[in-house]
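Printed here is run_30.txt (compact mmCIF, C-alpha atoms):
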```txt
# COMPACT_ATOMS: atom_id res chain seq x y z
CA MET A 71 35.49 -337.34 -32.95
CA LEU A 72 32.28 -338.54 -31.33
CA LYS A 73 30.37 -335.79 -29.51
CA VAL A 74 28.17 -336.84 -26.61
CA GLU A 75 25.96 -334.58 -24.50
CA HIS A 76 26.74 -336.14 -21.13
CA ARG A 77 24.59 -333.94 -18.83
CA GLY A 78 22.10 -336.22 -17.19
CA ALA A 79 23.30 -339.22 -19.21
CA SER A 80 23.31 -342.54 -17.44
CA ILE A 81 26.67 -344.16 -16.93
CA ASP A 82 25.19 -347.54 -17.75
CA VAL A 83 23.65 -346.18 -20.96
CA LEU A 84 27.01 -344.79 -22.08
CA ARG A 85 28.66 -348.16 -21.57
CA ALA A 86 25.81 -349.98 -23.32
CA VAL A 87 26.13 -347.70 -26.36
CA ALA A 88 29.90 -348.26 -26.37
CA ASP A 89 29.41 -352.02 -26.42
CA ARG A 90 26.85 -351.72 -29.20
CA ILE A 91 28.96 -349.63 -31.60
CA ASP A 92 32.30 -351.26 -30.78
CA CYS A 93 34.04 -353.59 -33.18
CA GLU A 94 33.89 -357.29 -32.54
CA PRO A 95 36.15 -358.50 -29.70
CA GLY A 96 39.83 -358.64 -30.51
CA CYS A 97 39.72 -356.01 -33.23
CA GLU A 98 41.53 -353.04 -31.72
CA ARG A 99 42.67 -351.91 -35.17
CA VAL A 100 45.80 -354.04 -35.48
CA GLY A 101 43.78 -357.22 -35.53
CA ARG A 102 41.92 -355.96 -38.61
CA MET A 103 45.07 -355.08 -40.57
CA ASP A 104 47.13 -357.27 -42.88
CA PRO A 105 50.71 -356.80 -41.57
CA SER A 106 52.24 -357.71 -44.96
CA THR A 107 50.30 -355.13 -46.98
CA GLY A 108 49.19 -352.65 -44.30
CA VAL A 109 45.68 -352.82 -45.73
CA THR A 110 42.84 -352.98 -43.24
CA GLU A 111 39.77 -355.07 -43.65
CA CYS A 112 37.58 -352.35 -42.07
CA PRO A 113 36.12 -349.82 -44.51
CA MET A 114 35.11 -347.55 -41.58
CA LEU A 115 38.71 -347.42 -40.39
CA ASP A 116 39.86 -346.61 -43.91
CA ARG A 117 37.49 -343.63 -43.90
CA GLY A 118 38.76 -342.50 -40.49
CA GLU A 119 35.52 -343.48 -38.75
CA CYS A 120 36.75 -346.19 -36.44
CA PRO A 121 33.96 -347.34 -34.09
CA PHE A 122 36.59 -348.55 -31.66
CA ASP A 123 37.70 -344.94 -31.07
CA ASP A 124 34.10 -343.88 -30.47
CA ALA A 125 33.54 -346.73 -28.04
CA CYS A 126 36.70 -345.85 -26.13
CA GLN A 127 35.55 -342.24 -25.80
CA LEU A 128 32.20 -343.34 -24.41
CA ARG A 129 33.84 -345.67 -21.92
CA ASP A 130 36.26 -342.92 -20.80
CA LEU A 131 33.33 -340.54 -20.35
CA ALA A 132 31.42 -343.11 -18.33
CA ALA A 133 34.45 -343.67 -16.10
CA ALA A 134 34.91 -339.93 -15.60
CA LEU A 135 31.26 -339.46 -14.68
CA GLU A 136 31.45 -342.39 -12.29
CA THR A 137 34.49 -340.89 -10.55
CA HIS A 138 32.82 -337.48 -10.35
CA ALA A 139 29.68 -338.99 -8.86
CA ALA A 140 31.72 -340.82 -6.23
CA THR A 141 33.63 -337.71 -5.13
CA THR A 142 30.91 -335.06 -5.39
CA TRP A 143 29.59 -333.73 -2.06
CA ARG A 144 25.93 -334.45 -1.41
CA PRO A 145 23.73 -332.64 1.12
CA ASN A 146 22.67 -334.44 4.26
CA PRO A 147 19.48 -336.34 3.36
CA SER A 148 18.18 -335.46 6.80
CA PRO A 149 19.17 -331.80 7.33
CA THR A 150 17.15 -331.37 10.52
CA ALA A 151 20.23 -331.81 12.70
CA GLU A 152 22.17 -329.33 10.56
CA ARG A 153 19.54 -326.65 11.20
CA THR A 154 19.48 -327.12 14.96
CA ASN A 155 22.05 -324.45 15.73
CA THR A 156 20.22 -321.84 13.68
CA MET A 157 17.04 -322.41 15.71
CA GLU A 158 18.51 -322.51 19.20
CA THR A 159 17.46 -320.13 21.94
CA LEU A 160 19.70 -317.41 23.32
CA PRO A 161 20.56 -319.41 26.47
CA GLN A 162 21.48 -322.37 24.26
CA THR A 163 23.69 -320.14 22.13
CA GLU A 164 25.33 -318.76 25.27
CA ALA A 165 26.00 -322.24 26.64
CA ARG A 166 27.47 -323.42 23.35
CA CYS A 167 29.75 -320.39 22.98
CA ALA A 168 30.84 -320.50 26.64
CA ALA A 169 31.92 -324.14 26.46
CA GLY A 170 35.71 -324.20 26.64
CA ALA A 171 36.06 -320.43 26.23
CA THR A 172 38.69 -318.88 28.52
CA ALA A 173 39.43 -315.54 26.84
CA PRO A 174 37.22 -312.45 27.17
CA ARG A 175 33.95 -312.71 25.29
CA VAL A 176 30.53 -311.07 25.21
CA THR A 177 28.11 -313.04 27.34
CA LEU A 178 24.36 -313.01 27.48
CA ALA A 179 24.67 -311.33 30.88
CA ASP A 180 26.73 -308.58 29.22
CA LEU A 181 23.93 -307.98 26.75
CA GLU A 182 21.35 -307.71 29.52
CA ALA A 183 23.58 -305.40 31.55
CA ASN A 184 23.99 -303.08 28.56
CA ILE A 185 20.25 -302.37 28.29
CA ALA A 186 19.34 -298.93 29.62
CA ALA A 187 15.72 -298.95 28.44
CA GLU A 188 13.41 -301.38 26.69
CA TYR A 189 10.02 -300.93 24.99
CA SER A 190 7.75 -303.55 23.42
CA PHE A 191 4.59 -302.77 21.51
CA ILE A 192 2.38 -303.79 18.60
CA ALA A 193 3.05 -301.87 15.41
CA SER A 194 -0.61 -301.00 14.85
CA ASP A 195 -0.86 -299.50 18.36
CA ALA A 196 2.21 -297.35 17.72
CA LEU A 197 0.80 -296.12 14.41
CA ALA A 198 -2.54 -295.30 16.03
CA GLY A 199 -0.79 -293.28 18.70
CA ILE A 200 1.38 -291.35 16.26
CA ARG A 201 -0.95 -291.03 13.28
CA PRO A 202 -4.49 -291.72 14.50
CA ASN A 203 -6.05 -290.60 11.23
CA VAL A 204 -3.94 -292.92 9.07
CA PRO A 205 -5.57 -296.31 8.39
CA GLY A 206 -3.29 -299.17 9.38
CA HIS A 207 -2.63 -302.34 7.45
CA PRO A 208 -3.90 -305.59 9.06
CA ALA A 209 -0.35 -306.94 9.01
CA LEU A 210 0.61 -304.36 11.63
CA ASP A 211 -1.81 -305.97 14.08
CA VAL A 212 0.48 -309.01 14.37
CA LEU A 213 3.85 -307.24 14.12
CA THR A 214 5.58 -306.94 17.50
CA ILE A 215 8.38 -304.41 17.96
CA CYS A 216 11.04 -304.42 20.66
CA LEU A 217 13.05 -301.23 20.99
CA ILE A 218 16.21 -301.51 23.09
CA VAL A 219 18.31 -298.52 24.13
CA THR A 220 21.84 -299.35 25.25
CA ARG A 221 23.76 -297.49 27.94
CA ASN A 222 25.56 -295.34 25.38
CA GLY A 223 22.25 -294.33 23.75
CA PHE A 224 22.45 -296.64 20.73
CA THR A 225 19.11 -298.11 19.64
CA ILE A 226 18.32 -301.61 18.41
CA ILE A 227 14.96 -302.55 16.89
CA GLY A 228 13.83 -306.16 17.02
CA LYS A 229 10.69 -307.42 15.35
CA ALA A 230 8.61 -310.56 15.11
CA ALA A 231 5.50 -311.60 13.21
CA PRO A 232 3.94 -315.00 12.53
CA ALA A 233 3.61 -316.28 8.98
CA SER A 234 -0.06 -316.98 9.66
CA PRO A 235 -1.91 -314.14 11.44
CA GLU A 236 -4.05 -316.72 13.24
CA ASN A 237 -0.97 -317.84 15.18
CA PHE A 238 -0.32 -314.41 16.67
CA ASP A 239 0.33 -314.45 20.40
CA ILE A 240 1.39 -311.21 22.03
CA ALA A 241 3.56 -312.90 24.67
CA LYS A 242 5.40 -314.96 22.05
CA GLY A 243 5.67 -311.91 19.83
CA LYS A 244 7.34 -309.85 22.56
CA ALA A 245 9.72 -312.66 23.44
CA ASN A 246 10.70 -313.25 19.81
CA ALA A 247 11.11 -309.55 19.05
CA ARG A 248 13.32 -309.12 22.11
CA GLU A 249 15.45 -312.07 21.09
CA ASP A 250 15.78 -310.60 17.60
CA ALA A 251 17.03 -307.33 19.10
CA LEU A 252 19.53 -309.08 21.37
CA ARG A 253 20.89 -311.13 18.47
CA GLN A 254 21.53 -307.87 16.63
CA LEU A 255 23.23 -306.37 19.68
CA TRP A 256 25.53 -309.35 20.27
CA PRO A 257 27.89 -308.86 17.27
CA LEU A 258 27.98 -305.11 17.88
CA MET A 259 29.22 -305.63 21.42
CA GLY A 260 31.65 -308.22 20.11
CA TYR A 261 33.09 -305.59 17.79
CA ALA A 262 33.34 -303.13 20.67
CA LEU A 263 35.22 -305.71 22.76
CA ARG A 264 37.64 -306.42 19.94
CA GLU A 265 38.18 -302.70 19.48
CA ARG A 266 39.14 -302.35 23.15
CA GLN A 267 41.49 -305.31 22.89
CA ALA A 268 43.21 -303.81 19.86
CA SER A 269 43.66 -300.38 21.46
CA PRO A 270 46.71 -299.63 23.66
CA PRO A 271 46.08 -299.35 27.42
CA ARG A 272 44.99 -295.95 28.67
CA GLY A 273 47.96 -293.68 29.31
CA VAL A 274 50.22 -295.70 27.04
CA THR A 275 51.08 -294.30 23.65
CA GLU A 276 52.54 -296.27 20.83
CA PRO A 277 56.20 -295.45 20.09
CA LEU A 278 56.90 -293.12 17.22
CA ASN A 279 59.11 -294.43 14.46
CA TYR A 280 61.47 -291.80 13.13
CA ALA A 281 63.36 -292.41 9.93
CA VAL A 282 67.08 -291.91 10.36
CA ASP A 283 69.23 -291.18 7.35
```

Represent the structure of the file as structure tokens.
Amino acid sequence: MLKVEHRGASIDVLRAVADRIDCEPGCERVGRMDPSTGVTECPMLDRGECPFDDACQLRDLAAALETHAATTWRPNPSPTAERTNTMETLPQTEARCAAGATAPRVTLADLEANIAAEYSFIASDALAGIRPNVPGHPALDVLTICLIVTRNGFTIIGKAAPASPENFDIAKGKANAREDALRQLWPLMGYALRERQASPPRGVTEPLNYAVD
């Protein structure tokens, strides 16, 4: 049996090799055999090394690779549009989620209403206030922290920092850190809503199931 390492092999190359090693046209074994004696005129076939078999295997492999290439999923050559949703602002996310929604859901207004206290600061300033004798790392000078306390006392910490320190802008840092905190709060409030929906109404207890013999 012919063994071919097909990874990365060109379909056209496989077919070209098959044509090169194949018997002359019209052979296909029977055409090379004397029907009266059963003796073949092909010494390779007599030794069990029929090039026709090898050529058929190569052609089958080429066809299989061609089918695989035609049905294999390929990434979008221009993935910019695919990444749009991951880069949208909170209002854009709210508008997209609200479109067509009729059942209860956590809205952006719900997030804002759940904030009891909010604090934004630069990490280096916080470190200087807490540990004034501890030298701070330069990276802390561009790290903005947003600490949100919800009405039940739960805390969420958002953060933001530019990849290049030269791009640091305190207003942008505070806005991005706050958005990071709100995005963390959103699924938590979604869980709380689902928990309320799954619980029986207040004052109503679920019936007890007693086994009766």

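Between atom CA of A:Ala173 and atom CA of A:Asp250 there is a distance of 25.9 Å.
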
query: How far is it from atom CA of A:Thr214 to atom CA of A:Cys167, in Å with one decimal?
result: 28.2 Å

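A straight line drawn from atom CA of A:Ser80 to atom CA of A:Leu135 is 9.0 Å long.
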
Might you pull out every residue within 10 Å of A:Glu182, with all atoms listed in the file counted and same-chain residues fewer than 5 positions away left off, and present them as an mmCIF file with C-alpha atoms, in the coordinates of the input?
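Listed below is the output, result-v9.cif:
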```cif
data_model
loop_
_atom_site.group_PDB
_atom_site.id
_atom_site.type_symbol
_atom_site.label_atom_id
_atom_site.label_comp_id
_atom_site.auth_asym_id
_atom_site.auth_seq_id
_atom_site.Cartn_x
_atom_site.Cartn_y
_atom_site.Cartn_z
ATOM 1 C CA THR A 177 28.110 -313.040 27.340
ATOM 2 C CA THR A 220 21.840 -299.350 25.250
ATOM 3 C CA LEU A 252 19.530 -309.080 21.370
#
```

task: For each of A:Leu181, A:Ala251, A:Val176, A:Cys126, take the minimum atom-to-atom distance to A:Ile91, counting all atoms listed in the file, then give the residue where this is smallest.
output: A:Cys126

message: Show me, as a PyMOL selection string, the residues that have an atom within 9 Å of A:Pro161 when counting only C-alpha atoms, minus same-chain residues fewer than 4 positions from it.
response: chain A and resi 165-166+178

message: For a quick check of your reading of the model, name the residues lying within 12 Å of the coordinate (-1.6, -307.0, 21.4), counting only C-alpha atoms, and write them as a PyMOL selection string.
response: chain A and resi 190-196+210-215+231+238-244

Minimum-distance residue to A:Ala245, chosen among A:Val219, A:Pro205, A:Thr159, A:Ala179 (using all atoms listed in the file):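 Using all atoms listed in the file, the shortest distance to A:Ala245 belongs to A:Thr159.
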
task: Between A:Met157, A:Gly199, A:Leu217, A:Val204, single out the one closest to A:Ala186, counting all atoms listed in the file.
output: A:Leu217

Generate the coordinates of all heavy atoms for stretch 252-263 of chain A; report them as a PDB file, keeping the file's coordinate frame.
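Full text of rebuild.pdb as output:
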```
ATOM      1  N   LEU A 252      18.308-308.667  20.685  1.00  0.00           N
ATOM      2  CA  LEU A 252      19.530-309.080  21.370  1.00  0.00           C
ATOM      3  C   LEU A 252      20.514-309.747  20.410  1.00  0.00           C
ATOM      4  O   LEU A 252      21.729-309.572  20.533  1.00  0.00           O
ATOM      5  CB  LEU A 252      19.193-310.029  22.520  1.00  0.00           C
ATOM      6  CG  LEU A 252      18.479-309.397  23.723  1.00  0.00           C
ATOM      7  CD1 LEU A 252      18.141-310.452  24.758  1.00  0.00           C
ATOM      8  CD2 LEU A 252      19.340-308.298  24.341  1.00  0.00           C
ATOM      9  N   ARG A 253      20.000-310.498  19.457  1.00  0.00           N
ATOM     10  CA  ARG A 253      20.890-311.130  18.470  1.00  0.00           C
ATOM     11  C   ARG A 253      21.556-310.080  17.586  1.00  0.00           C
ATOM     12  O   ARG A 253      22.657-310.295  17.082  1.00  0.00           O
ATOM     13  CB  ARG A 253      20.115-312.140  17.635  1.00  0.00           C
ATOM     14  CG  ARG A 253      19.727-313.404  18.400  1.00  0.00           C
ATOM     15  CD  ARG A 253      19.183-314.476  17.493  1.00  0.00           C
ATOM     16  NE  ARG A 253      18.772-315.656  18.236  1.00  0.00           N
ATOM     17  CZ  ARG A 253      19.597-316.624  18.652  1.00  0.00           C
ATOM     18  NH1 ARG A 253      20.896-316.534  18.371  1.00  0.00           N
ATOM     19  NH2 ARG A 253      19.144-317.667  19.321  1.00  0.00           N
ATOM     20  N   GLN A 254      20.901-308.964  17.370  1.00  0.00           N
ATOM     21  CA  GLN A 254      21.530-307.870  16.630  1.00  0.00           C
ATOM     22  C   GLN A 254      22.587-307.159  17.487  1.00  0.00           C
ATOM     23  O   GLN A 254      23.615-306.713  16.982  1.00  0.00           O
ATOM     24  CB  GLN A 254      20.478-306.854  16.193  1.00  0.00           C
ATOM     25  CG  GLN A 254      19.455-307.373  15.186  1.00  0.00           C
ATOM     26  CD  GLN A 254      18.433-306.312  14.842  1.00  0.00           C
ATOM     27  OE1 GLN A 254      18.775-305.205  14.432  1.00  0.00           O
ATOM     28  NE2 GLN A 254      17.163-306.628  15.022  1.00  0.00           N
ATOM     29  N   LEU A 255      22.319-307.073  18.779  1.00  0.00           N
ATOM     30  CA  LEU A 255      23.230-306.370  19.680  1.00  0.00           C
ATOM     31  C   LEU A 255      24.510-307.174  19.922  1.00  0.00           C
ATOM     32  O   LEU A 255      25.585-306.597  20.110  1.00  0.00           O
ATOM     33  CB  LEU A 255      22.524-306.081  21.004  1.00  0.00           C
ATOM     34  CG  LEU A 255      23.333-305.361  22.090  1.00  0.00           C
ATOM     35  CD1 LEU A 255      23.834-304.009  21.595  1.00  0.00           C
ATOM     36  CD2 LEU A 255      22.481-305.214  23.355  1.00  0.00           C
ATOM     37  N   TRP A 256      24.403-308.474  19.925  1.00  0.00           N
ATOM     38  CA  TRP A 256      25.530-309.350  20.270  1.00  0.00           C
ATOM     39  C   TRP A 256      26.771-309.080  19.418  1.00  0.00           C
ATOM     40  O   TRP A 256      27.869-308.839  19.951  1.00  0.00           O
ATOM     41  CB  TRP A 256      25.108-310.815  20.175  1.00  0.00           C
ATOM     42  CG  TRP A 256      25.829-311.718  21.132  1.00  0.00           C
ATOM     43  CD1 TRP A 256      27.118-311.616  21.546  1.00  0.00           C
ATOM     44  CD2 TRP A 256      25.281-312.853  21.807  1.00  0.00           C
ATOM     45  NE1 TRP A 256      27.426-312.629  22.431  1.00  0.00           N
ATOM     46  CE2 TRP A 256      26.317-313.400  22.602  1.00  0.00           C
ATOM     47  CE3 TRP A 256      24.043-313.476  21.803  1.00  0.00           C
ATOM     48  CZ2 TRP A 256      26.139-314.540  23.387  1.00  0.00           C
ATOM     49  CZ3 TRP A 256      23.862-314.609  22.588  1.00  0.00           C
ATOM     50  CH2 TRP A 256      24.889-315.122  23.371  1.00  0.00           C
ATOM     51  N   PRO A 257      26.671-309.113  18.061  1.00  0.00           N
ATOM     52  CA  PRO A 257      27.890-308.860  17.270  1.00  0.00           C
ATOM     53  C   PRO A 257      28.403-307.430  17.423  1.00  0.00           C
ATOM     54  O   PRO A 257      29.616-307.199  17.288  1.00  0.00           O
ATOM     55  CB  PRO A 257      27.444-309.150  15.834  1.00  0.00           C
ATOM     56  CG  PRO A 257      25.959-309.007  15.853  1.00  0.00           C
ATOM     57  CD  PRO A 257      25.528-309.462  17.199  1.00  0.00           C
ATOM     58  N   LEU A 258      27.526-306.478  17.692  1.00  0.00           N
ATOM     59  CA  LEU A 258      27.980-305.110  17.880  1.00  0.00           C
ATOM     60  C   LEU A 258      28.844-304.982  19.141  1.00  0.00           C
ATOM     61  O   LEU A 258      29.882-304.307  19.140  1.00  0.00           O
ATOM     62  CB  LEU A 258      26.780-304.162  17.988  1.00  0.00           C
ATOM     63  CG  LEU A 258      25.895-304.066  16.736  1.00  0.00           C
ATOM     64  CD1 LEU A 258      24.703-303.166  17.001  1.00  0.00           C
ATOM     65  CD2 LEU A 258      26.699-303.542  15.553  1.00  0.00           C
ATOM     66  N   MET A 259      28.419-305.650  20.202  1.00  0.00           N
ATOM     67  CA  MET A 259      29.220-305.630  21.420  1.00  0.00           C
ATOM     68  C   MET A 259      30.491-306.440  21.250  1.00  0.00           C
ATOM     69  O   MET A 259      31.518-306.141  21.874  1.00  0.00           O
ATOM     70  CB  MET A 259      28.385-306.136  22.596  1.00  0.00           C
ATOM     71  CG  MET A 259      27.258-305.193  23.001  1.00  0.00           C
ATOM     72  SD  MET A 259      26.319-305.744  24.449  1.00  0.00           S
ATOM     73  CE  MET A 259      27.608-305.837  25.703  1.00  0.00           C
ATOM     74  N   GLY A 260      30.438-307.476  20.415  1.00  0.00           N
ATOM     75  CA  GLY A 260      31.650-308.220  20.110  1.00  0.00           C
ATOM     76  C   GLY A 260      32.666-307.364  19.394  1.00  0.00           C
ATOM     77  O   GLY A 260      33.873-307.422  19.679  1.00  0.00           O
ATOM     78  N   TYR A 261      32.193-306.525  18.483  1.00  0.00           N
ATOM     79  CA  TYR A 261      33.090-305.590  17.790  1.00  0.00           C
ATOM     80  C   TYR A 261      33.698-304.594  18.777  1.00  0.00           C
ATOM     81  O   TYR A 261      34.893-304.291  18.720  1.00  0.00           O
ATOM     82  CB  TYR A 261      32.331-304.862  16.691  1.00  0.00           C
ATOM     83  CG  TYR A 261      33.163-303.821  15.977  1.00  0.00           C
ATOM     84  CD1 TYR A 261      33.996-304.177  14.926  1.00  0.00           C
ATOM     85  CD2 TYR A 261      33.135-302.493  16.381  1.00  0.00           C
ATOM     86  CE1 TYR A 261      34.775-303.229  14.270  1.00  0.00           C
ATOM     87  CE2 TYR A 261      33.918-301.538  15.739  1.00  0.00           C
ATOM     88  CZ  TYR A 261      34.730-301.915  14.689  1.00  0.00           C
ATOM     89  OH  TYR A 261      35.504-300.974  14.058  1.00  0.00           O
ATOM     90  N   ALA A 262      32.847-304.099  19.692  1.00  0.00           N
ATOM     91  CA  ALA A 262      33.340-303.130  20.670  1.00  0.00           C
ATOM     92  C   ALA A 262      34.417-303.757  21.567  1.00  0.00           C
ATOM     93  O   ALA A 262      35.419-303.121  21.901  1.00  0.00           O
ATOM     94  CB  ALA A 262      32.189-302.603  21.514  1.00  0.00           C
ATOM     95  N   LEU A 263      34.223-305.016  21.947  1.00  0.00           N
ATOM     96  CA  LEU A 263      35.220-305.710  22.760  1.00  0.00           C
ATOM     97  C   LEU A 263      36.526-305.869  21.991  1.00  0.00           C
ATOM     98  O   LEU A 263      37.612-305.633  22.533  1.00  0.00           O
ATOM     99  CB  LEU A 263      34.681-307.077  23.187  1.00  0.00           C
ATOM    100  CG  LEU A 263      35.673-308.005  23.893  1.00  0.00           C
ATOM    101  CD1 LEU A 263      36.181-307.370  25.186  1.00  0.00           C
ATOM    102  CD2 LEU A 263      35.034-309.364  24.174  1.00  0.00           C
TER     103      LEU A 263
END
```
